[in-house]
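target.txt follows; it contains compact mmCIF, C-alpha atoms.
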```txt
# COMPACT_ATOMS: atom_id res chain seq x y z
CA MET A 1 4.26 -2.21 5.90
CA ALA A 2 3.13 -3.48 2.49
CA VAL A 3 5.43 -6.25 1.28
CA ARG A 4 5.61 -7.32 -2.35
CA LEU A 5 7.25 -10.09 -4.35
CA ARG A 6 8.80 -8.30 -7.31
CA LEU A 7 11.71 -8.20 -9.72
CA THR A 8 14.96 -6.31 -9.33
CA ARG A 9 17.40 -5.96 -12.21
CA VAL A 10 20.96 -7.29 -12.12
CA GLY A 11 23.40 -8.10 -14.90
CA GLY A 12 25.16 -5.91 -17.39
CA ARG A 13 24.00 -3.35 -19.86
CA LYS A 14 21.81 -4.95 -22.54
CA ASP A 15 22.09 -8.25 -20.62
CA PRO A 16 19.38 -8.11 -17.96
CA ILE A 17 18.90 -10.84 -15.42
CA TRP A 18 16.15 -10.39 -12.86
CA ARG A 19 16.06 -11.47 -9.23
CA VAL A 20 12.76 -12.27 -7.58
CA VAL A 21 12.87 -10.48 -4.24
CA VAL A 22 10.73 -9.61 -1.25
CA ALA A 23 10.71 -5.85 -0.68
CA ASP A 24 8.69 -3.05 0.84
CA GLN A 25 6.58 -1.63 -1.97
CA ARG A 26 7.76 1.91 -1.17
CA SER A 27 11.44 1.14 -1.83
CA PRO A 28 12.86 1.70 -5.34
CA ARG A 29 13.12 -1.15 -7.85
CA ASP A 30 16.81 -1.86 -7.19
CA GLY A 31 16.73 -0.53 -3.64
CA ARG A 32 16.57 -2.19 -0.25
CA ILE A 33 15.25 -5.75 -0.20
CA ILE A 34 14.19 -8.11 2.57
CA GLU A 35 15.06 -11.44 0.92
CA THR A 36 16.03 -12.88 -2.47
CA ILE A 37 13.84 -15.87 -3.33
CA GLY A 38 14.73 -16.63 -6.95
CA GLN A 39 15.91 -15.45 -10.33
CA TYR A 40 14.55 -15.08 -13.85
CA ASN A 41 16.57 -14.93 -17.06
CA PRO A 42 14.47 -14.11 -20.15
CA GLN A 43 17.57 -14.14 -22.41
CA THR A 44 17.85 -17.95 -22.53
CA GLU A 45 15.73 -20.17 -24.74
CA PRO A 46 13.50 -21.21 -23.03
CA SER A 47 13.52 -18.62 -20.25
CA THR A 48 15.14 -19.76 -17.00
CA ILE A 49 13.05 -19.43 -13.85
CA LYS A 50 14.49 -20.56 -10.50
CA LEU A 51 12.36 -20.04 -7.40
CA ASP A 52 12.66 -21.24 -3.80
CA GLU A 53 9.09 -22.55 -3.58
CA ASP A 54 9.13 -22.95 0.20
CA ARG A 55 10.13 -19.32 0.77
CA VAL A 56 7.62 -18.11 -1.82
CA ARG A 57 4.82 -19.96 -0.03
CA VAL A 58 5.96 -18.60 3.35
CA TRP A 59 5.85 -15.01 2.10
CA LEU A 60 2.50 -15.51 0.38
CA ALA A 61 1.12 -16.94 3.63
CA LYS A 62 2.39 -13.85 5.48
CA GLY A 63 0.40 -11.66 3.09
CA ALA A 64 3.02 -10.53 0.57
CA GLN A 65 1.47 -9.54 -2.75
CA PRO A 66 3.24 -10.53 -5.99
CA SER A 67 3.64 -7.97 -8.76
CA GLU A 68 1.88 -8.79 -12.03
CA THR A 69 5.07 -10.11 -13.64
CA VAL A 70 5.96 -12.26 -10.62
CA ARG A 71 2.38 -13.56 -10.56
CA LYS A 72 2.87 -14.82 -14.14
CA LEU A 73 6.19 -16.45 -13.20
CA LEU A 74 4.56 -18.18 -10.23
CA LYS A 75 1.78 -19.55 -12.43
CA THR A 76 4.40 -20.79 -14.92
CA GLN A 77 6.14 -22.67 -12.10
CA GLY A 78 2.83 -24.13 -10.84
CA ILE A 79 2.57 -22.03 -7.68
CA ASP A 80 -0.87 -20.56 -7.02
CA PRO A 81 -0.30 -16.91 -6.02
CA ASN A 82 -3.79 -16.69 -4.49
CA ALA A 83 -3.31 -19.63 -2.10
CA ARG A 84 -2.79 -18.66 1.52
```

Here is the file; what I need is its structure written in the form of structure tokens.
Amino acid sequence: MAVRLRLTRVGGRKDPIWRVVVADQRSPRDGRIIETIGQYNPQTEPSTIKLDEDRVRVWLAKGAQPSETVRKLLKTQGIDPNAR
């Protein structure tokens, strides 16, 4: 099973808020998830990024691959997505 760290959309119409989740890469964007590990709100100034660093590191150590967008968020928060 290929596990990814990726975003899933929540919030209202024209008011997106994104959750950072752990999910099987075959499931749909807003489909079944394994765990929620943070949230991202691009609507605020500056953008709000809240991540549970411990859980992110655990999943990266288990081999979960971040999506490109989540990789950028991790770098912004000072978490090296390539560290195992």

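Omitting A:Val56 and its sequence neighbours fewer than 3 positions away, and counting all atoms listed in the file, the residues within 10 Å are Leu5, Val20, Val21, Val22, Thr36, Ile37, Gly38, Leu51, Asp52, Glu53, Trp59, Leu60, Ala61, Lys62, Ala64, Pro66, Leu74, Ile79 and Pro81 of chain A.
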
Shell of 12 Å around A:Thr44, only C-alpha atoms, local chain residues under 4 positions omitted, as a short mmCIF file (atom, residue, chain, number, x, y, z; two decimals) with C-alpha atoms, in the frame of the given file:
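Generated output (selection33.cif):
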```
data_model
loop_
_atom_site.label_atom_id
_atom_site.label_comp_id
_atom_site.auth_asym_id
_atom_site.auth_seq_id
_atom_site.Cartn_x
_atom_site.Cartn_y
_atom_site.Cartn_z
CA ASP A 15 22.09 -8.25 -20.62
CA PRO A 16 19.38 -8.11 -17.96
CA ILE A 17 18.90 -10.84 -15.42
CA TYR A 40 14.55 -15.08 -13.85
CA THR A 48 15.14 -19.76 -17.00
CA ILE A 49 13.05 -19.43 -13.85
#
```

Which of A:Glu35, A:Asp54, A:Arg9, A:Trp18 sits closest to A:Leu73 [using only C-alpha atoms]: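 The closest residue to A:Leu73 is A:Trp18.
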
Atomic separation - atom CA of A:Thr76 relative to atom CA of A:Arg13, Å: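 Between atom CA of A:Arg13 and atom CA of A:Thr76 the gap is 26.7 Å.
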
Protein and nucleic acid residues near (-0.3, -9.6, -8.7) (cut-off 9 Å, only C-alpha atoms) as a count of residues only: 12

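Atom pair atom CA of A:Lys14 / atom CA of A:Gly78: separated by 29.4 Å.
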
Point-to-point distance in Å for atom CA of A:Arg55 and atom CA of A:Ile34: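 For atom CA of A:Ile34 relative to atom CA of A:Arg55, the distance reads 12.1 Å.
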
Residue nearest A:Ile33 - candidates A:Val58, A:Arg19, A:Lys75, A:Asp80, atoms counted: all atoms listed in the file: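 Under the stated criterion, the closest residue is A:Arg19.
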
Counting only C-alpha atoms, the option among A:Gln39, A:Ser27, A:Ser47, A:Gln77 closest to A:Leu7: A:Gln39
